[in-house]
Amino acid sequence: MAVLRALQGSNPGQLFPLEGERALLGRHPDCDIVLESAAVSRHHARLVAVEGDFFVEDLNSRNGTFVNNRAVEGRQRLDEGDQLSICDLVFVFHQRLPGTPPDTERAPDKLLDGVLFDDAQPPSNSTIMSKVDVSTTSAALRSEVNAQAKLKALIEIGQNLGTALSVDEVLPKLLDSLFKIFVQADRGFIVLRNPETGRLVPKAVKYREADDRQTIRISRTIIGSVMGAKEAILSADAASDSRFDMAESIVDFHIRSMMCAPLVSGSGEALGAIQIDALDQRGRFSREDLDVLASVACQAAVAVENAQLHETVVREQMFERDLALAHEVQRGFLPPRPPAIDGYQFFNFYQAARQIGGDYYDYVVLPGNRTAIVVADVSGKGIAASLLMAKFSAEARFCLAAEPTPSAAMERLNRVFCGNGWEDRFVTLVLCVLDPSTNELTVVNAGHMPPLLRDAGGRIVALAADASRLPLGVEADAAYPQAVVPVEAGTCISLYTDGITEAMNRDEQMYSSDRLLGRLAASDAGAQGIGKAILDDVKQFVGERPQSDDMCLVCFGREPAAAV
């Protein structure tokens, strides 16, 4: 079995078996080999097996993929011992598992993250590590470390764990200190459960002798049993212990004595485990040793939990900063100021339910001194809706400039949107084109709430209510007729999204269209006064209840005629 061996990075010596015909490398959790480095692209590179040979391909990554310090272009074959470099991570390619003779290579049933594997099932009369079992040994067969050295190492462990903010930095130091306490130890490792994927990931491995680095397979059976029972276990003679019958890791590595302790969080969750092995039967571990390891594991669990919480807070802070930046970028897509048209007033308001949203409005200057007023609502909320809104707003401007009529512009915009393959996404949109030279308004509606016209006498009319059609993105050949209405002096037109009418108070009641109509009829202070009155009424109705949907409101109208 071909493998990649980590040479440089967070876990030197870690093996990544190459099973199957393809292996995807990158930062995304779905990759076959997940590389935890910010510089690595989500899908960075791919390894492909062709008739026994392995080839590497770069997947248009930001920082490139290198073999023996040469950039990979196209598909490049990997030879035994080639060094594969991805950002600050370096791997060595091997045709087979290091330390395994070519004619006796045995593929384990299943490998997890390169070093954990399932042991064969034990006989029916033996349950592997189902409970704590401490075997006593003669003191004459143990290598002791003096109490002063043990105390010094324990203090060192406490200091390292107390200041730990990154598990990748502190866990190797923890193993170094454990090797000072347990002088008979030949191998030690720490595995943690990935809180997002649930997979066990080796985080630190240490060997007494450098030559032992050829193999680092770890029994998932042992680790799983210890974490499941949440009990530390000890075997003074693992090779002859009936509980480990047919455990391949014990046989393969000639382990004579081993200890394994779970890392249990304050809430009782098993975060991972520490295991220490000894190969020399004269260096068996004792119950006292197990007590020390269990105590260290308790300290380590607290440090790991704190470090994971710290990393979570850092990620959330970064996400919040990204959202704040996205909020500013989205605000940049909105008009910086309303149009300045003689004889007309404009008022606009936009507030996302989250930091970014899917509602938007726009003013687009058209030939003939006309101005298009657009209000739209992209289905959904949050990041996905905001990204779609950004693309959609640019396409809307292009279609308005390219087509001679509002109806043709809407139909073209619909075809473009359908052709982008947004699946279940759609957009409701209302378009009003104002011609101040004739004081006429052309209205086209794509499944949105109709604009509400309030005349100087307080009468409310829903414009083009019978011409409302399907939202954009539903049918590519949908027709969108236009209607032309005069704009008399003192008239105000209000465009809004459903975040206004569906705003809810503490009693789960909606603001409603009826209340909006009543507020419009009672207001006669022009577009700016009407817009502010609507917002004040909505805020008073909602009270302290958090906003549940994006809110957008645009009011514009013709100023009253001057008194004679």
# chains A, B, ... in the order shown; residues from 1 in each chain; ligands from 1
call {"tool": "residues_around", "arguments": {"residues": "A:Phe179", "least_positions_apart": "2", "cutoff": "12 Å", "atoms": "only C-alpha atoms", "output": "PyMOL selection string"}}
result
chain A and resi 145+149-150+153-154+157+172-177+181-189+205-209+275-278+289+293
call {"tool": "write_last_selection", "arguments": {"atoms": "C-alpha atoms", "output": "PDB file, in the first residue's frame"}}
result
ATOM      1  CA  VAL A 145      12.579   7.141  38.125  1.00  0.00           C
ATOM      2  CA  ALA A 149      12.726  13.818  38.796  1.00  0.00           C
ATOM      3  CA  LYS A 150       9.075  12.726  38.695  1.00  0.00           C
ATOM      4  CA  ALA A 153       8.419  16.565  35.315  1.00  0.00           C
ATOM      5  CA  LEU A 154       4.904  16.853  36.788  1.00  0.00           C
ATOM      6  CA  ILE A 157       3.601  19.366  32.676  1.00  0.00           C
ATOM      7  CA  PRO A 172       4.354  17.141  22.037  1.00  0.00           C
ATOM      8  CA  LYS A 173       5.777  18.862  25.137  1.00  0.00           C
ATOM      9  CA  LEU A 174       3.461  16.738  27.259  1.00  0.00           C
ATOM     10  CA  LEU A 175       4.908  13.544  25.768  1.00  0.00           C
ATOM     11  CA  ASP A 176       8.448  14.818  26.355  1.00  0.00           C
ATOM     12  CA  SER A 177       7.624  15.286  30.041  1.00  0.00           C
ATOM     13  CA  ILE A 181       8.641  10.317  34.274  1.00  0.00           C
ATOM     14  CA  PHE A 182       8.395   6.901  32.604  1.00  0.00           C
ATOM     15  CA  VAL A 183      11.974   6.077  31.692  1.00  0.00           C
ATOM     16  CA  GLN A 184      10.898   2.610  30.560  1.00  0.00           C
ATOM     17  CA  ALA A 185       8.565   4.036  27.886  1.00  0.00           C
ATOM     18  CA  ASP A 186       9.513   3.295  24.267  1.00  0.00           C
ATOM     19  CA  ARG A 187       6.559   4.900  22.473  1.00  0.00           C
ATOM     20  CA  GLY A 188       3.807   7.328  23.332  1.00  0.00           C
ATOM     21  CA  PHE A 189       1.063   9.047  21.429  1.00  0.00           C
ATOM     22  CA  VAL A 205       3.728  10.822  18.622  1.00  0.00           C
ATOM     23  CA  LYS A 206       7.044  10.224  20.409  1.00  0.00           C
ATOM     24  CA  TYR A 207       9.632   7.405  20.253  1.00  0.00           C
ATOM     25  CA  ARG A 208      12.509   6.705  22.587  1.00  0.00           C
ATOM     26  CA  GLU A 209      14.733   5.648  19.667  1.00  0.00           C
ATOM     27  CA  GLN A 275      -1.122   5.756  25.406  1.00  0.00           C
ATOM     28  CA  ILE A 276       2.373   4.813  26.603  1.00  0.00           C
ATOM     29  CA  ASP A 277       4.080   1.549  25.492  1.00  0.00           C
ATOM     30  CA  ALA A 278       7.140  -0.369  26.672  1.00  0.00           C
ATOM     31  CA  ASP A 289       2.462   4.637  37.011  1.00  0.00           C
ATOM     32  CA  LEU A 293      -0.784   8.929  33.810  1.00  0.00           C
TER      33      LEU A 293
END
call {"tool": "closest_residue", "arguments": {"among": "A:Ile534, A:Val34, A:Ala478, A:Cys399", "to": "A:Thr197", "atoms": "only C-alpha atoms"}}
result
A:Val34
call {"tool": "closest_residue", "arguments": {"among": "A:Leu18, A:Val554, A:Ile274, A:Val56", "to": "A:Asp359", "atoms": "only C-alpha atoms"}}
result
A:Val554
call {"tool": "residues_around", "arguments": {"residues": "A:Met389", "least_positions_apart": "5", "cutoff": "8 Å", "atoms": "only C-alpha atoms", "output": "list in words"}}
result
Gly358, Asp359, Tyr360 and Val378 of chain A
call {"tool": "residues_around", "arguments": {"residues": "A:Lys230", "least_positions_apart": "2", "cutoff": "8 Å", "atoms": "only C-alpha atoms", "output": "list of chain:residue names"}}
result
A:Val226, A:Met227, A:Gly228, A:Ala232, A:Ala261, A:Pro262, A:Val264, A:Ala270
call {"tool": "write_last_selection", "arguments": {"atoms": "N, CA and C atoms", "output": "PDB file, in the first residue's frame"}}
result
ATOM      1  N   VAL A 226     -11.058   2.448  25.664  1.00  0.00           N
ATOM      2  CA  VAL A 226     -10.703   3.336  26.772  1.00  0.00           C
ATOM      3  C   VAL A 226     -11.594   4.569  26.782  1.00  0.00           C
ATOM      4  N   MET A 227     -11.821   5.165  25.598  1.00  0.00           N
ATOM      5  CA  MET A 227     -12.661   6.347  25.541  1.00  0.00           C
ATOM      6  C   MET A 227     -14.115   6.016  25.842  1.00  0.00           C
ATOM      7  N   GLY A 228     -14.568   4.838  25.380  1.00  0.00           N
ATOM      8  CA  GLY A 228     -15.951   4.456  25.635  1.00  0.00           C
ATOM      9  C   GLY A 228     -16.226   4.211  27.106  1.00  0.00           C
ATOM     10  N   ALA A 232      -8.942   4.485  32.623  1.00  0.00           N
ATOM     11  CA  ALA A 232      -7.551   4.212  32.278  1.00  0.00           C
ATOM     12  C   ALA A 232      -7.273   2.727  32.470  1.00  0.00           C
ATOM     13  N   ALA A 261      -4.904   6.082  28.910  1.00  0.00           N
ATOM     14  CA  ALA A 261      -5.822   6.862  29.746  1.00  0.00           C
ATOM     15  C   ALA A 261      -6.645   7.800  28.869  1.00  0.00           C
ATOM     16  N   PRO A 262      -7.958   7.900  29.117  1.00  0.00           N
ATOM     17  CA  PRO A 262      -8.794   8.804  28.318  1.00  0.00           C
ATOM     18  C   PRO A 262      -8.657  10.251  28.778  1.00  0.00           C
ATOM     19  N   VAL A 264     -10.937  13.147  29.474  1.00  0.00           N
ATOM     20  CA  VAL A 264     -12.365  13.355  29.696  1.00  0.00           C
ATOM     21  C   VAL A 264     -12.600  14.806  30.105  1.00  0.00           C
ATOM     22  N   ALA A 270     -15.516  12.240  26.232  1.00  0.00           N
ATOM     23  CA  ALA A 270     -14.180  11.724  25.949  1.00  0.00           C
ATOM     24  C   ALA A 270     -13.594  12.477  24.753  1.00  0.00           C
TER      25      ALA A 270
END
call {"tool": "residues_around", "arguments": {"residues": "A:Val487", "least_positions_apart": "5", "cutoff": "7 Å", "atoms": "only C-alpha atoms", "output": "JSON, numbers by chain"}}
result
{"A": [439, 440, 441, 558]}
call {"tool": "residues_around", "arguments": {"residues": "A:Pro404", "least_positions_apart": "4", "cutoff": "10 Å", "atoms": "only C-alpha atoms", "output": "list of chain:residue names"}}
result
A:Leu366, A:Pro367, A:Cys399, A:Leu400, A:Ala408, A:Ala409
call {"tool": "closest_residue", "arguments": {"among": "A:Ala394, A:Leu495, A:Cys298, A:Val50", "to": "A:Cys432", "atoms": "only C-alpha atoms"}}
result
A:Leu495
call {"tool": "select_by_dssp", "arguments": {"residues": "stretch 308-493 of chain A", "states": "helix (DSSP H, G or I)", "output": "ChimeraX atom specification"}}
result
/A:308-333,382-402,406-419,465-467
call {"tool": "atom_distance", "arguments": {"atom1": "atom CA of A:Ile233", "atom2": "atom CA of A:Gly266"}}
result
20.2 Å
call {"tool": "residues_around", "arguments": {"residues": "A:Pro481", "least_positions_apart": "4", "cutoff": "10 Å", "atoms": "only C-alpha atoms", "output": "VMD selection string"}}
result
chain A and resid 406 to 408 410 to 411 443 to 446 464 467 to 469
call {"tool": "closest_atom_pairs", "arguments": {"of": "stretch 439-496 of chain A", "to": "stretch 524-527 of chain A", "cutoff": "10 Å", "atoms": "only C-alpha atoms", "output": "CSV"}}
result
residue,atom,partner,partner_atom,distance
A:Arg454,CA,A:Asp524,CA,8.9
A:Asp455,CA,A:Asp524,CA,9.2
A:Ala456,CA,A:Asp524,CA,7.6
A:Gly457,CA,A:Asp524,CA,8.6
A:Gly458,CA,A:Asp524,CA,7.3
A:Gly490,CA,A:Gly526,CA,7.0
A:Thr491,CA,A:Gly526,CA,7.9
A:Cys492,CA,A:Ala527,CA,5.7
A:Ile493,CA,A:Ala527,CA,7.7
A:Ser494,CA,A:Ala527,CA,8.2
call {"tool": "closest_residue", "arguments": {"among": "A:Ala521, A:Leu309, A:Ala45, A:Leu84", "to": "A:Glu57", "atoms": "only C-alpha atoms"}}
result
A:Ala45
